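Visitor: Structure file target_7.txt (compact mmCIF, N, CA and C atoms) right here:
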```
# COMPACT_ATOMS: atom_id res chain seq x y z
N MET A 1 70.31 107.37 141.91
CA MET A 1 71.27 106.86 142.88
C MET A 1 72.69 107.24 142.48
N MET A 2 73.01 107.09 141.20
CA MET A 2 74.35 107.42 140.73
C MET A 2 74.64 108.91 140.91
N GLU A 3 73.63 109.74 140.64
CA GLU A 3 73.77 111.19 140.81
C GLU A 3 74.05 111.52 142.28
N GLN A 4 73.37 110.83 143.20
CA GLN A 4 73.57 111.05 144.64
C GLN A 4 75.00 110.68 145.04
N ASN A 5 75.50 109.56 144.51
CA ASN A 5 76.88 109.15 144.81
C ASN A 5 77.88 110.18 144.29
N LYS A 6 77.64 110.69 143.10
CA LYS A 6 78.51 111.71 142.52
C LYS A 6 78.52 112.96 143.41
N GLN A 7 77.33 113.38 143.85
CA GLN A 7 77.21 114.54 144.73
C GLN A 7 77.95 114.30 146.05
N ASN A 8 77.79 113.11 146.62
CA ASN A 8 78.47 112.79 147.88
C ASN A 8 79.98 112.83 147.72
N ASN A 9 80.48 112.35 146.57
CA ASN A 9 81.93 112.39 146.32
C ASN A 9 82.42 113.83 146.21
N ILE A 10 81.64 114.69 145.59
CA ILE A 10 82.01 116.10 145.49
C ILE A 10 82.05 116.72 146.88
N ILE A 11 81.05 116.46 147.69
CA ILE A 11 81.01 116.99 149.05
C ILE A 11 82.24 116.52 149.83
N LYS A 12 82.57 115.25 149.70
CA LYS A 12 83.75 114.71 150.41
C LYS A 12 85.02 115.43 149.98
N ARG A 13 85.15 115.73 148.69
CA ARG A 13 86.33 116.48 148.21
C ARG A 13 86.36 117.88 148.81
N PHE A 14 85.21 118.50 148.92
CA PHE A 14 85.14 119.85 149.48
C PHE A 14 85.49 119.86 150.96
N ILE A 15 84.96 118.90 151.72
CA ILE A 15 85.16 118.95 153.17
C ILE A 15 86.34 118.11 153.64
N ASP A 16 87.22 117.76 152.72
CA ASP A 16 88.46 117.10 153.07
C ASP A 16 89.20 117.95 154.10
N LYS A 17 89.68 117.32 155.14
CA LYS A 17 90.33 118.04 156.25
C LYS A 17 91.59 118.80 155.83
N ASN A 18 92.17 118.44 154.69
CA ASN A 18 93.36 119.14 154.22
C ASN A 18 93.04 120.44 153.50
N ASN A 19 91.78 120.67 153.20
CA ASN A 19 91.40 121.88 152.48
C ASN A 19 91.43 123.11 153.38
N VAL A 20 91.88 124.20 152.81
CA VAL A 20 91.85 125.51 153.47
C VAL A 20 90.60 126.23 152.94
N PHE A 21 89.85 126.81 153.86
CA PHE A 21 88.61 127.50 153.51
C PHE A 21 88.75 129.01 153.69
N ALA A 22 87.93 129.72 152.93
CA ALA A 22 87.70 131.14 153.18
C ALA A 22 86.19 131.32 153.18
N VAL A 23 85.72 132.15 154.10
CA VAL A 23 84.29 132.42 154.19
C VAL A 23 84.07 133.89 153.85
N VAL A 24 83.36 134.13 152.74
CA VAL A 24 83.03 135.49 152.33
C VAL A 24 81.67 135.83 152.92
N GLY A 25 81.67 136.84 153.80
CA GLY A 25 80.43 137.26 154.43
C GLY A 25 80.40 136.98 155.92
N VAL A 26 81.57 136.84 156.52
CA VAL A 26 81.66 136.63 157.97
C VAL A 26 81.17 137.89 158.69
N SER A 27 80.53 137.68 159.82
CA SER A 27 80.01 138.79 160.62
C SER A 27 80.54 138.71 162.04
N ARG A 28 80.58 139.85 162.72
CA ARG A 28 80.91 139.84 164.15
C ARG A 28 79.78 139.23 164.97
N ASP A 29 78.57 139.32 164.43
CA ASP A 29 77.37 138.81 165.11
C ASP A 29 77.37 137.28 165.04
N LYS A 30 77.50 136.64 166.20
CA LYS A 30 77.59 135.18 166.26
C LYS A 30 76.32 134.48 165.82
N THR A 31 75.21 135.20 165.71
CA THR A 31 73.95 134.58 165.28
C THR A 31 73.80 134.59 163.76
N LYS A 32 74.63 135.34 163.06
CA LYS A 32 74.55 135.41 161.60
C LYS A 32 75.16 134.16 160.98
N TYR A 33 74.61 133.78 159.85
CA TYR A 33 75.00 132.52 159.22
C TYR A 33 76.48 132.49 158.80
N GLY A 34 76.98 133.58 158.25
CA GLY A 34 78.39 133.63 157.84
C GLY A 34 79.32 133.37 159.02
N ARG A 35 78.96 133.90 160.17
CA ARG A 35 79.77 133.68 161.38
C ARG A 35 79.66 132.24 161.85
N LYS A 36 78.46 131.66 161.75
CA LYS A 36 78.30 130.26 162.15
C LYS A 36 79.13 129.33 161.26
N VAL A 37 79.17 129.61 159.97
CA VAL A 37 79.99 128.81 159.06
C VAL A 37 81.47 128.92 159.45
N PHE A 38 81.94 130.14 159.67
CA PHE A 38 83.33 130.37 160.07
C PHE A 38 83.64 129.63 161.37
N ASP A 39 82.80 129.82 162.38
CA ASP A 39 83.03 129.20 163.69
C ASP A 39 83.01 127.67 163.61
N ASP A 40 82.07 127.11 162.86
CA ASP A 40 81.99 125.65 162.75
C ASP A 40 83.19 125.08 162.00
N LEU A 41 83.63 125.74 160.95
CA LEU A 41 84.83 125.26 160.26
C LEU A 41 86.02 125.24 161.21
N LYS A 42 86.16 126.30 162.01
CA LYS A 42 87.23 126.34 163.01
C LYS A 42 87.07 125.20 164.01
N LYS A 43 85.84 125.03 164.50
CA LYS A 43 85.55 123.98 165.50
C LYS A 43 85.91 122.60 164.97
N PHE A 44 85.69 122.37 163.68
CA PHE A 44 86.01 121.07 163.08
C PHE A 44 87.47 120.94 162.68
N GLY A 45 88.27 121.97 162.97
CA GLY A 45 89.71 121.88 162.79
C GLY A 45 90.25 122.35 161.45
N TYR A 46 89.43 123.02 160.66
CA TYR A 46 89.89 123.53 159.37
C TYR A 46 90.69 124.82 159.55
N GLU A 47 91.64 125.02 158.63
CA GLU A 47 92.26 126.34 158.50
C GLU A 47 91.26 127.16 157.69
N VAL A 48 90.85 128.30 158.25
CA VAL A 48 89.81 129.09 157.60
C VAL A 48 90.11 130.57 157.74
N TYR A 49 89.86 131.31 156.67
CA TYR A 49 90.07 132.75 156.64
C TYR A 49 88.73 133.46 156.51
N ALA A 50 88.64 134.60 157.17
CA ALA A 50 87.42 135.42 157.13
C ALA A 50 87.58 136.54 156.12
N ILE A 51 86.51 136.79 155.36
CA ILE A 51 86.52 137.89 154.39
C ILE A 51 85.27 138.74 154.60
N ASN A 52 85.50 140.01 154.91
CA ASN A 52 84.44 141.01 155.00
C ASN A 52 85.13 142.37 154.97
N PRO A 53 84.87 143.17 153.95
CA PRO A 53 85.57 144.45 153.82
C PRO A 53 85.21 145.48 154.89
N LYS A 54 84.19 145.18 155.69
CA LYS A 54 83.72 146.16 156.68
C LYS A 54 84.28 145.94 158.08
N ILE A 55 85.00 144.83 158.30
CA ILE A 55 85.53 144.58 159.64
C ILE A 55 87.00 144.13 159.58
N ASP A 56 87.72 144.38 160.67
CA ASP A 56 89.15 144.08 160.73
C ASP A 56 89.46 142.69 161.28
N ASN A 57 88.61 142.21 162.21
CA ASN A 57 88.90 140.91 162.80
C ASN A 57 87.63 140.26 163.33
N ILE A 58 87.74 138.96 163.49
CA ILE A 58 86.69 138.13 164.09
C ILE A 58 87.35 137.46 165.28
N SER A 59 86.95 137.87 166.48
CA SER A 59 87.61 137.39 167.70
C SER A 59 89.10 137.68 167.57
N LYS A 60 89.93 136.67 167.59
CA LYS A 60 91.38 136.89 167.49
C LYS A 60 91.90 136.67 166.07
N TYR A 61 91.01 136.46 165.11
CA TYR A 61 91.42 136.17 163.74
C TYR A 61 91.27 137.40 162.84
N PRO A 62 92.26 137.64 161.98
CA PRO A 62 92.14 138.78 161.06
C PRO A 62 91.03 138.54 160.04
N CYS A 63 90.41 139.61 159.63
CA CYS A 63 89.38 139.55 158.60
C CYS A 63 89.91 140.32 157.40
N TYR A 64 89.89 139.70 156.25
CA TYR A 64 90.47 140.29 155.05
C TYR A 64 89.40 141.00 154.22
N THR A 65 89.86 141.98 153.46
CA THR A 65 88.97 142.81 152.66
C THR A 65 88.46 142.08 151.43
N ASP A 66 89.32 141.26 150.84
CA ASP A 66 89.00 140.66 149.54
C ASP A 66 89.71 139.31 149.41
N ILE A 67 89.25 138.47 148.52
CA ILE A 67 89.87 137.17 148.28
C ILE A 67 91.35 137.34 147.91
N LYS A 68 91.64 138.31 147.09
CA LYS A 68 93.03 138.49 146.63
C LYS A 68 93.97 138.97 147.75
N ASP A 69 93.41 139.42 148.87
CA ASP A 69 94.22 139.89 150.00
C ASP A 69 94.63 138.77 150.96
N LEU A 70 94.10 137.58 150.76
CA LEU A 70 94.41 136.47 151.67
C LEU A 70 95.89 136.11 151.61
N PRO A 71 96.48 135.73 152.75
CA PRO A 71 97.90 135.36 152.76
C PRO A 71 98.16 133.99 152.15
N PHE A 72 97.10 133.23 151.93
CA PHE A 72 97.22 131.87 151.43
C PHE A 72 96.02 131.60 150.53
N LYS A 73 96.25 130.94 149.40
CA LYS A 73 95.15 130.64 148.49
C LYS A 73 94.29 129.52 149.07
N PRO A 74 93.01 129.79 149.32
CA PRO A 74 92.15 128.74 149.86
C PRO A 74 91.79 127.70 148.79
N ASP A 75 91.47 126.51 149.25
CA ASP A 75 91.01 125.45 148.35
C ASP A 75 89.52 125.60 148.06
N VAL A 76 88.79 126.09 149.07
CA VAL A 76 87.34 126.23 148.96
C VAL A 76 86.93 127.59 149.48
N ILE A 77 86.01 128.24 148.76
CA ILE A 77 85.42 129.48 149.25
C ILE A 77 83.95 129.23 149.50
N SER A 78 83.52 129.57 150.70
CA SER A 78 82.11 129.50 151.05
C SER A 78 81.55 130.91 150.99
N PHE A 79 80.57 131.11 150.15
CA PHE A 79 79.95 132.42 149.99
C PHE A 79 78.67 132.51 150.81
N VAL A 80 78.60 133.54 151.65
CA VAL A 80 77.41 133.81 152.46
C VAL A 80 77.07 135.29 152.28
N VAL A 81 76.89 135.67 151.03
CA VAL A 81 76.60 137.06 150.65
C VAL A 81 75.57 137.03 149.52
N PRO A 82 74.95 138.17 149.22
CA PRO A 82 73.96 138.20 148.13
C PRO A 82 74.57 137.80 146.78
N PRO A 83 73.72 137.25 145.89
CA PRO A 83 74.20 136.76 144.59
C PRO A 83 74.97 137.79 143.77
N GLU A 84 74.58 139.05 143.82
CA GLU A 84 75.28 140.05 143.01
C GLU A 84 76.73 140.24 143.45
N ILE A 85 77.03 140.01 144.71
CA ILE A 85 78.42 140.07 145.19
C ILE A 85 79.18 138.85 144.70
N VAL A 86 78.55 137.69 144.80
CA VAL A 86 79.17 136.45 144.33
C VAL A 86 79.50 136.54 142.84
N GLU A 87 78.57 137.10 142.07
CA GLU A 87 78.77 137.21 140.62
C GLU A 87 80.01 138.02 140.27
N LYS A 88 80.38 138.97 141.10
CA LYS A 88 81.62 139.74 140.89
C LYS A 88 82.84 138.96 141.37
N LEU A 89 82.71 138.33 142.53
CA LEU A 89 83.86 137.65 143.14
C LEU A 89 84.21 136.33 142.47
N ILE A 90 83.24 135.70 141.80
CA ILE A 90 83.52 134.42 141.16
C ILE A 90 84.56 134.59 140.05
N ILE A 91 84.58 135.74 139.42
CA ILE A 91 85.57 136.04 138.38
C ILE A 91 86.97 136.11 139.01
N GLU A 92 87.03 136.68 140.21
CA GLU A 92 88.29 136.73 140.95
C GLU A 92 88.75 135.32 141.32
N CYS A 93 87.82 134.46 141.69
CA CYS A 93 88.17 133.06 142.00
C CYS A 93 88.85 132.42 140.79
N LYS A 94 88.29 132.63 139.62
CA LYS A 94 88.86 132.06 138.39
C LYS A 94 90.27 132.59 138.17
N LYS A 95 90.46 133.91 138.33
CA LYS A 95 91.79 134.50 138.13
C LYS A 95 92.81 133.93 139.10
N LEU A 96 92.37 133.62 140.33
CA LEU A 96 93.27 133.11 141.36
C LEU A 96 93.38 131.59 141.35
N ASN A 97 92.70 130.96 140.37
CA ASN A 97 92.73 129.51 140.23
C ASN A 97 92.14 128.79 141.46
N ILE A 98 91.09 129.35 141.99
CA ILE A 98 90.33 128.71 143.07
C ILE A 98 89.17 128.01 142.39
N ASN A 99 89.15 126.68 142.51
CA ASN A 99 88.19 125.93 141.70
C ASN A 99 87.13 125.16 142.50
N LYS A 100 86.92 125.56 143.75
CA LYS A 100 85.84 124.98 144.54
C LYS A 100 85.13 126.11 145.28
N VAL A 101 83.83 126.25 145.01
CA VAL A 101 83.04 127.26 145.72
C VAL A 101 81.77 126.62 146.25
N TRP A 102 81.39 127.06 147.42
CA TRP A 102 80.17 126.57 148.06
C TRP A 102 79.26 127.77 148.24
N LEU A 103 78.15 127.77 147.50
CA LEU A 103 77.20 128.88 147.56
C LEU A 103 76.12 128.54 148.58
N GLN A 104 76.17 129.22 149.71
CA GLN A 104 75.16 128.99 150.73
C GLN A 104 73.81 129.50 150.26
N SER A 105 72.77 129.00 150.86
CA SER A 105 71.41 129.38 150.48
C SER A 105 71.27 130.90 150.45
N GLY A 106 70.78 131.40 149.33
CA GLY A 106 70.62 132.85 149.16
C GLY A 106 71.78 133.50 148.44
N SER A 107 72.88 132.78 148.28
CA SER A 107 74.06 133.32 147.58
C SER A 107 74.11 132.89 146.12
N GLU A 108 73.36 131.87 145.78
CA GLU A 108 73.44 131.32 144.45
C GLU A 108 72.62 132.13 143.43
N SER A 109 73.04 132.02 142.19
CA SER A 109 72.28 132.59 141.08
C SER A 109 72.59 131.75 139.85
N LYS A 110 71.71 131.75 138.90
CA LYS A 110 71.92 131.02 137.66
C LYS A 110 73.19 131.53 136.97
N LYS A 111 73.40 132.84 137.01
CA LYS A 111 74.57 133.44 136.38
C LYS A 111 75.87 132.86 136.97
N THR A 112 75.95 132.78 138.29
CA THR A 112 77.15 132.24 138.94
C THR A 112 77.32 130.75 138.64
N ILE A 113 76.24 130.00 138.74
CA ILE A 113 76.31 128.56 138.49
C ILE A 113 76.74 128.29 137.04
N ASP A 114 76.19 129.03 136.10
CA ASP A 114 76.58 128.88 134.70
C ASP A 114 78.05 129.25 134.50
N TYR A 115 78.50 130.33 135.15
CA TYR A 115 79.90 130.75 135.05
C TYR A 115 80.82 129.63 135.56
N CYS A 116 80.45 129.04 136.68
CA CYS A 116 81.26 127.96 137.24
C CYS A 116 81.35 126.78 136.27
N LYS A 117 80.23 126.39 135.69
CA LYS A 117 80.23 125.27 134.74
C LYS A 117 81.13 125.56 133.54
N LYS A 118 81.07 126.78 133.04
CA LYS A 118 81.86 127.15 131.85
C LYS A 118 83.34 127.30 132.16
N ASN A 119 83.68 127.50 133.43
CA ASN A 119 85.07 127.79 133.80
C ASN A 119 85.70 126.73 134.70
N ASP A 120 85.13 125.52 134.68
CA ASP A 120 85.69 124.40 135.46
C ASP A 120 85.87 124.70 136.94
N ILE A 121 84.89 125.38 137.51
CA ILE A 121 84.88 125.63 138.95
C ILE A 121 83.80 124.72 139.54
N GLU A 122 84.21 123.84 140.44
CA GLU A 122 83.22 122.99 141.10
C GLU A 122 82.36 123.87 142.01
N CYS A 123 81.07 123.69 141.92
CA CYS A 123 80.16 124.59 142.62
C CYS A 123 79.09 123.77 143.34
N LEU A 124 79.07 123.88 144.66
CA LEU A 124 78.01 123.27 145.44
C LEU A 124 77.00 124.36 145.80
N HIS A 125 75.72 124.01 145.69
CA HIS A 125 74.65 124.94 146.06
C HIS A 125 73.42 124.10 146.40
N ASN A 126 72.43 124.74 146.94
CA ASN A 126 71.21 124.05 147.38
C ASN A 126 71.49 123.02 148.47
N MET A 127 72.55 123.24 149.22
CA MET A 127 72.84 122.39 150.38
C MET A 127 73.67 123.20 151.37
N CYS A 128 73.53 122.85 152.62
CA CYS A 128 74.16 123.61 153.70
C CYS A 128 75.50 122.99 154.09
N ILE A 129 76.52 123.81 154.13
CA ILE A 129 77.83 123.33 154.55
C ILE A 129 77.80 122.85 156.01
N LEU A 130 77.01 123.51 156.85
CA LEU A 130 76.96 123.12 158.26
C LEU A 130 76.38 121.72 158.42
N LEU A 131 75.35 121.39 157.65
CA LEU A 131 74.79 120.04 157.70
C LEU A 131 75.82 119.02 157.22
N SER A 132 76.56 119.35 156.18
CA SER A 132 77.57 118.44 155.66
C SER A 132 78.69 118.21 156.66
N LEU A 133 79.10 119.27 157.36
CA LEU A 133 80.14 119.13 158.38
C LEU A 133 79.66 118.27 159.54
N ASN A 134 78.41 118.46 159.92
CA ASN A 134 77.87 117.71 161.05
C ASN A 134 77.61 116.25 160.72
N GLU A 135 77.66 115.89 159.44
CA GLU A 135 77.49 114.49 159.04
C GLU A 135 78.82 113.75 159.02
N LEU A 136 79.91 114.46 159.29
CA LEU A 136 81.24 113.82 159.28
C LEU A 136 81.33 112.71 160.32
```
Can the structure in the file be given as structure tokens, please?
Guide:
Amino acid sequence: MMEQNKQNNIIKRFIDKNNVFAVVGVSRDKTKYGRKVFDDLKKFGYEVYAINPKIDNISKYPCYTDIKDLPFKPDVISFVVPPEIVEKLIIECKKLNINKVWLQSGSESKKTIDYCKKNDIECLHNMCILLSLNEL
């Protein structure tokens, strides 16, 4: 029970309405999960940035090539990309002092989770951001 309360408190800190999000792995395809995360964060009123090096924009919003290219440092990064991409980008998060990451299903790896623990990066995984937003 105590562990569940701790987890709920972490989730609340992540989905605080004052947090700025970035979604790594946004797609133009509205049926893809990265796009659904981006769209739902927008729908719930969050400031959110899209990251995908292969596209320039999502609807009317610019899409950035890399985390370091963002005009504003996000509070939370939601990863919706394969684990090997996350394992490279998590080091960039540390350099930029971004200390909250949400690894969507399929993005997590033991290597990334261990890196986060060793580097004081709060890391949520094995849970869906969309479900957490819809529980607000």
Visitor: Find the distance between atom CA of A:Val48 and atom CA of A:Lys6 and write it in Å to one decimal.
Guide: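 Taking atom CA of A:Val48 as the start and atom CA of A:Lys6 as the end point, the length is 25.6 Å.
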Visitor: Can you work out the spacing between atom CA of A:Glu84 and atom CA of A:Lys42 in Å, to one decimal?
Guide: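 Taking atom CA of A:Glu84 as the start and atom CA of A:Lys42 as the end point, the length is 27.0 Å.
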Visitor: Give the padded box for stretch 15-18 of chain A as AutoDock Vina command-line options: axis-aligned, covering all atoms listed in the file, 4 Å on each side, centre and edge lengths in Å to one decimal.
Guide:
```
--center_x 89.2 --center_y 118.8 --center_z 154.0 --size_x 16.4 --size_y 11.3 --size_z 12.5
```
Visitor: Hey, what's within 8 Å of stretch 95-112 of chain A if we count only C-alpha atoms and toss same-chain stuff fewer than 3 positions away? As number ranges by chain, please?
Guide: A: 14, 68, 73-83, 86-87, 90-92, 115-116, 120-129
Visitor: Please indicate the distance in Å from atom CA of A:Ser132 to atom CA of A:Ile67, rounded to one decimal place.
Guide: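 Computing it gives 23.6 Å between the two atoms.
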Visitor: Applying 5 Å and all atoms listed in the file, which residues near A:Tyr49 remain after dropping the ones on its own chain fewer than 3 positions away? List them as a VMD selection string.
Guide: chain A and resid 21 to 23
Visitor: Store the residues picked out above in a file with N, CA and C atoms, as a short mmCIF file (atom, residue, chain, number, x, y, z; two decimals), keeping the file's coordinate frame.
Guide:
```cif
data_model
loop_
_atom_site.label_atom_id
_atom_site.label_comp_id
_atom_site.auth_asym_id
_atom_site.auth_seq_id
_atom_site.Cartn_x
_atom_site.Cartn_y
_atom_site.Cartn_z
N PHE A 21 89.85 126.81 153.86
CA PHE A 21 88.61 127.50 153.51
C PHE A 21 88.75 129.01 153.69
N ALA A 22 87.93 129.72 152.93
CA ALA A 22 87.70 131.14 153.18
C ALA A 22 86.19 131.32 153.18
N VAL A 23 85.72 132.15 154.10
CA VAL A 23 84.29 132.42 154.19
C VAL A 23 84.07 133.89 153.85
#
```
Visitor: Taking the DSSP secondary structure from the backbone, can you list the residues of chain A that are alpha helix (DSSP H), as number ranges by chain?
Guide: A: 2-14, 33-43, 83-95, 110-118, 129-134
Visitor: Please build the interface table for stretch 23-119 of chain A against stretch 15-18 of chain A with a cut-off of 10 Å, listing for each qualifying residue the nearest atom pair and the distance in Å to one decimal; count only C-alpha atoms, order rows by chain and increasing number, and write it as JSON lines.
Guide:
```
{"residue": "A:Leu41", "atom": "CA", "partner": "A:Ile15", "partner_atom": "CA", "distance": 9.5}
{"residue": "A:Phe44", "atom": "CA", "partner": "A:Lys17", "partner_atom": "CA", "distance": 8.6}
{"residue": "A:Gly45", "atom": "CA", "partner": "A:Lys17", "partner_atom": "CA", "distance": 7.6}
{"residue": "A:Tyr46", "atom": "CA", "partner": "A:Lys17", "partner_atom": "CA", "distance": 6.3}
{"residue": "A:Glu47", "atom": "CA", "partner": "A:Asn18", "partner_atom": "CA", "distance": 8.4}
{"residue": "A:Asp75", "atom": "CA", "partner": "A:Asn18", "partner_atom": "CA", "distance": 8.9}
{"residue": "A:Val76", "atom": "CA", "partner": "A:Ile15", "partner_atom": "CA", "distance": 8.7}
```
Visitor: What's the 9 Å shell around A:Ala50, counting only C-alpha atoms, without same-chain residues fewer than 6 positions away, as a PDB file with N, CA and C atoms, keeping the file's coordinate frame?
Guide:
```
ATOM      1  N   PHE A  21      89.850 126.810 153.860  1.00  0.00           N
ATOM      2  CA  PHE A  21      88.610 127.500 153.510  1.00  0.00           C
ATOM      3  C   PHE A  21      88.750 129.010 153.690  1.00  0.00           C
ATOM      4  N   ALA A  22      87.930 129.720 152.930  1.00  0.00           N
ATOM      5  CA  ALA A  22      87.700 131.140 153.180  1.00  0.00           C
ATOM      6  C   ALA A  22      86.190 131.320 153.180  1.00  0.00           C
ATOM      7  N   VAL A  23      85.720 132.150 154.100  1.00  0.00           N
ATOM      8  CA  VAL A  23      84.290 132.420 154.190  1.00  0.00           C
ATOM      9  C   VAL A  23      84.070 133.890 153.850  1.00  0.00           C
ATOM     10  N   VAL A  24      83.360 134.130 152.740  1.00  0.00           N
ATOM     11  CA  VAL A  24      83.030 135.490 152.330  1.00  0.00           C
ATOM     12  C   VAL A  24      81.670 135.830 152.920  1.00  0.00           C
ATOM     13  N   GLY A  25      81.670 136.840 153.800  1.00  0.00           N
ATOM     14  CA  GLY A  25      80.430 137.260 154.430  1.00  0.00           C
ATOM     15  C   GLY A  25      80.400 136.980 155.920  1.00  0.00           C
ATOM     16  N   VAL A  26      81.570 136.840 156.520  1.00  0.00           N
ATOM     17  CA  VAL A  26      81.660 136.630 157.970  1.00  0.00           C
ATOM     18  C   VAL A  26      81.170 137.890 158.690  1.00  0.00           C
ATOM     19  N   SER A  27      80.530 137.680 159.820  1.00  0.00           N
ATOM     20  CA  SER A  27      80.010 138.790 160.620  1.00  0.00           C
ATOM     21  C   SER A  27      80.540 138.710 162.040  1.00  0.00           C
ATOM     22  N   ARG A  35      78.960 133.900 160.170  1.00  0.00           N
ATOM     23  CA  ARG A  35      79.770 133.680 161.380  1.00  0.00           C
ATOM     24  C   ARG A  35      79.660 132.240 161.850  1.00  0.00           C
ATOM     25  N   PHE A  38      81.940 130.140 159.670  1.00  0.00           N
ATOM     26  CA  PHE A  38      83.330 130.370 160.070  1.00  0.00           C
ATOM     27  C   PHE A  38      83.640 129.630 161.370  1.00  0.00           C
ATOM     28  N   ASN A  57      88.610 142.210 162.210  1.00  0.00           N
ATOM     29  CA  ASN A  57      88.900 140.910 162.800  1.00  0.00           C
ATOM     30  C   ASN A  57      87.630 140.260 163.330  1.00  0.00           C
ATOM     31  N   ILE A  58      87.740 138.960 163.490  1.00  0.00           N
ATOM     32  CA  ILE A  58      86.690 138.130 164.090  1.00  0.00           C
ATOM     33  C   ILE A  58      87.350 137.460 165.280  1.00  0.00           C
ATOM     34  N   TYR A  61      91.010 136.460 165.110  1.00  0.00           N
ATOM     35  CA  TYR A  61      91.420 136.170 163.740  1.00  0.00           C
ATOM     36  C   TYR A  61      91.270 137.400 162.840  1.00  0.00           C
ATOM     37  N   PRO A  62      92.260 137.640 161.980  1.00  0.00           N
ATOM     38  CA  PRO A  62      92.140 138.780 161.060  1.00  0.00           C
ATOM     39  C   PRO A  62      91.030 138.540 160.040  1.00  0.00           C
ATOM     40  N   CYS A  63      90.410 139.610 159.630  1.00  0.00           N
ATOM     41  CA  CYS A  63      89.380 139.550 158.600  1.00  0.00           C
ATOM     42  C   CYS A  63      89.910 140.320 157.400  1.00  0.00           C
ATOM     43  N   TYR A  64      89.890 139.700 156.250  1.00  0.00           N
ATOM     44  CA  TYR A  64      90.470 140.290 155.050  1.00  0.00           C
ATOM     45  C   TYR A  64      89.400 141.000 154.220  1.00  0.00           C
ATOM     46  N   THR A  65      89.860 141.980 153.460  1.00  0.00           N
ATOM     47  CA  THR A  65      88.970 142.810 152.660  1.00  0.00           C
ATOM     48  C   THR A  65      88.460 142.080 151.430  1.00  0.00           C
ATOM     49  N   LEU A  70      94.100 137.580 150.760  1.00  0.00           N
ATOM     50  CA  LEU A  70      94.410 136.470 151.670  1.00  0.00           C
ATOM     51  C   LEU A  70      95.890 136.110 151.610  1.00  0.00           C
TER      52      LEU A  70
END
```
Visitor: Which neighbours of A:Asn119 fall inside 8 Å, counting only N, CA and C atoms, when residues of the same chain fewer than 5 positions from it are skipped, and could you give them as a VMD selection string?
Guide: chain A and resid 94 99 113 to 114
Visitor: Using backbone DSSP assignments, extract all strand (DSSP E) residues from chain A; output them as an MDAnalysis selection string.
Guide: chainID A and resid 20:24 47:51 57:58 61:64 76:79 100:103 122:124
Visitor: Restricting it to N, CA and C atoms, dump the selection as a compact mmCIF listing (two decimals), in the coordinates of the input.
Guide:
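To be explicit, this is the file written out as part20.txt:
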```
# COMPACT_ATOMS: atom_id res chain seq x y z
N VAL A 20 91.88 124.20 152.81
CA VAL A 20 91.85 125.51 153.47
C VAL A 20 90.60 126.23 152.94
N PHE A 21 89.85 126.81 153.86
CA PHE A 21 88.61 127.50 153.51
C PHE A 21 88.75 129.01 153.69
N ALA A 22 87.93 129.72 152.93
CA ALA A 22 87.70 131.14 153.18
C ALA A 22 86.19 131.32 153.18
N VAL A 23 85.72 132.15 154.10
CA VAL A 23 84.29 132.42 154.19
C VAL A 23 84.07 133.89 153.85
N VAL A 24 83.36 134.13 152.74
CA VAL A 24 83.03 135.49 152.33
C VAL A 24 81.67 135.83 152.92
N GLU A 47 91.64 125.02 158.63
CA GLU A 47 92.26 126.34 158.50
C GLU A 47 91.26 127.16 157.69
N VAL A 48 90.85 128.30 158.25
CA VAL A 48 89.81 129.09 157.60
C VAL A 48 90.11 130.57 157.74
N TYR A 49 89.86 131.31 156.67
CA TYR A 49 90.07 132.75 156.64
C TYR A 49 88.73 133.46 156.51
N ALA A 50 88.64 134.60 157.17
CA ALA A 50 87.42 135.42 157.13
C ALA A 50 87.58 136.54 156.12
N ILE A 51 86.51 136.79 155.36
CA ILE A 51 86.52 137.89 154.39
C ILE A 51 85.27 138.74 154.60
N ASN A 57 88.61 142.21 162.21
CA ASN A 57 88.90 140.91 162.80
C ASN A 57 87.63 140.26 163.33
N ILE A 58 87.74 138.96 163.49
CA ILE A 58 86.69 138.13 164.09
C ILE A 58 87.35 137.46 165.28
N TYR A 61 91.01 136.46 165.11
CA TYR A 61 91.42 136.17 163.74
C TYR A 61 91.27 137.40 162.84
N PRO A 62 92.26 137.64 161.98
CA PRO A 62 92.14 138.78 161.06
C PRO A 62 91.03 138.54 160.04
N CYS A 63 90.41 139.61 159.63
CA CYS A 63 89.38 139.55 158.60
C CYS A 63 89.91 140.32 157.40
N TYR A 64 89.89 139.70 156.25
CA TYR A 64 90.47 140.29 155.05
C TYR A 64 89.40 141.00 154.22
N VAL A 76 88.79 126.09 149.07
CA VAL A 76 87.34 126.23 148.96
C VAL A 76 86.93 127.59 149.48
N ILE A 77 86.01 128.24 148.76
CA ILE A 77 85.42 129.48 149.25
C ILE A 77 83.95 129.23 149.50
N SER A 78 83.52 129.57 150.70
CA SER A 78 82.11 129.50 151.05
C SER A 78 81.55 130.91 150.99
N PHE A 79 80.57 131.11 150.15
CA PHE A 79 79.95 132.42 149.99
C PHE A 79 78.67 132.51 150.81
N LYS A 100 86.92 125.56 143.75
CA LYS A 100 85.84 124.98 144.54
C LYS A 100 85.13 126.11 145.28
N VAL A 101 83.83 126.25 145.01
CA VAL A 101 83.04 127.26 145.72
C VAL A 101 81.77 126.62 146.25
N TRP A 102 81.39 127.06 147.42
CA TRP A 102 80.17 126.57 148.06
C TRP A 102 79.26 127.77 148.24
N LEU A 103 78.15 127.77 147.50
CA LEU A 103 77.20 128.88 147.56
C LEU A 103 76.12 128.54 148.58
N GLU A 122 84.21 123.84 140.44
CA GLU A 122 83.22 122.99 141.10
C GLU A 122 82.36 123.87 142.01
N CYS A 123 81.07 123.69 141.92
CA CYS A 123 80.16 124.59 142.62
C CYS A 123 79.09 123.77 143.34
N LEU A 124 79.07 123.88 144.66
CA LEU A 124 78.01 123.27 145.44
C LEU A 124 77.00 124.36 145.80
```
Visitor: Calculated over only C-alpha atoms, which of the candidates A:Pro71, A:Asp66, A:Gly34, A:Arg28 has the smallest distance to A:Cys93?
Guide: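 The shortest atom-to-atom distance to A:Cys93 comes from A:Asp66.
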Visitor: Quick one: of A:Lys117, A:Leu133, A:Ile55, A:Leu89, who's nearest to A:Lys12, counting only C-alpha atoms?
Guide: A:Leu133
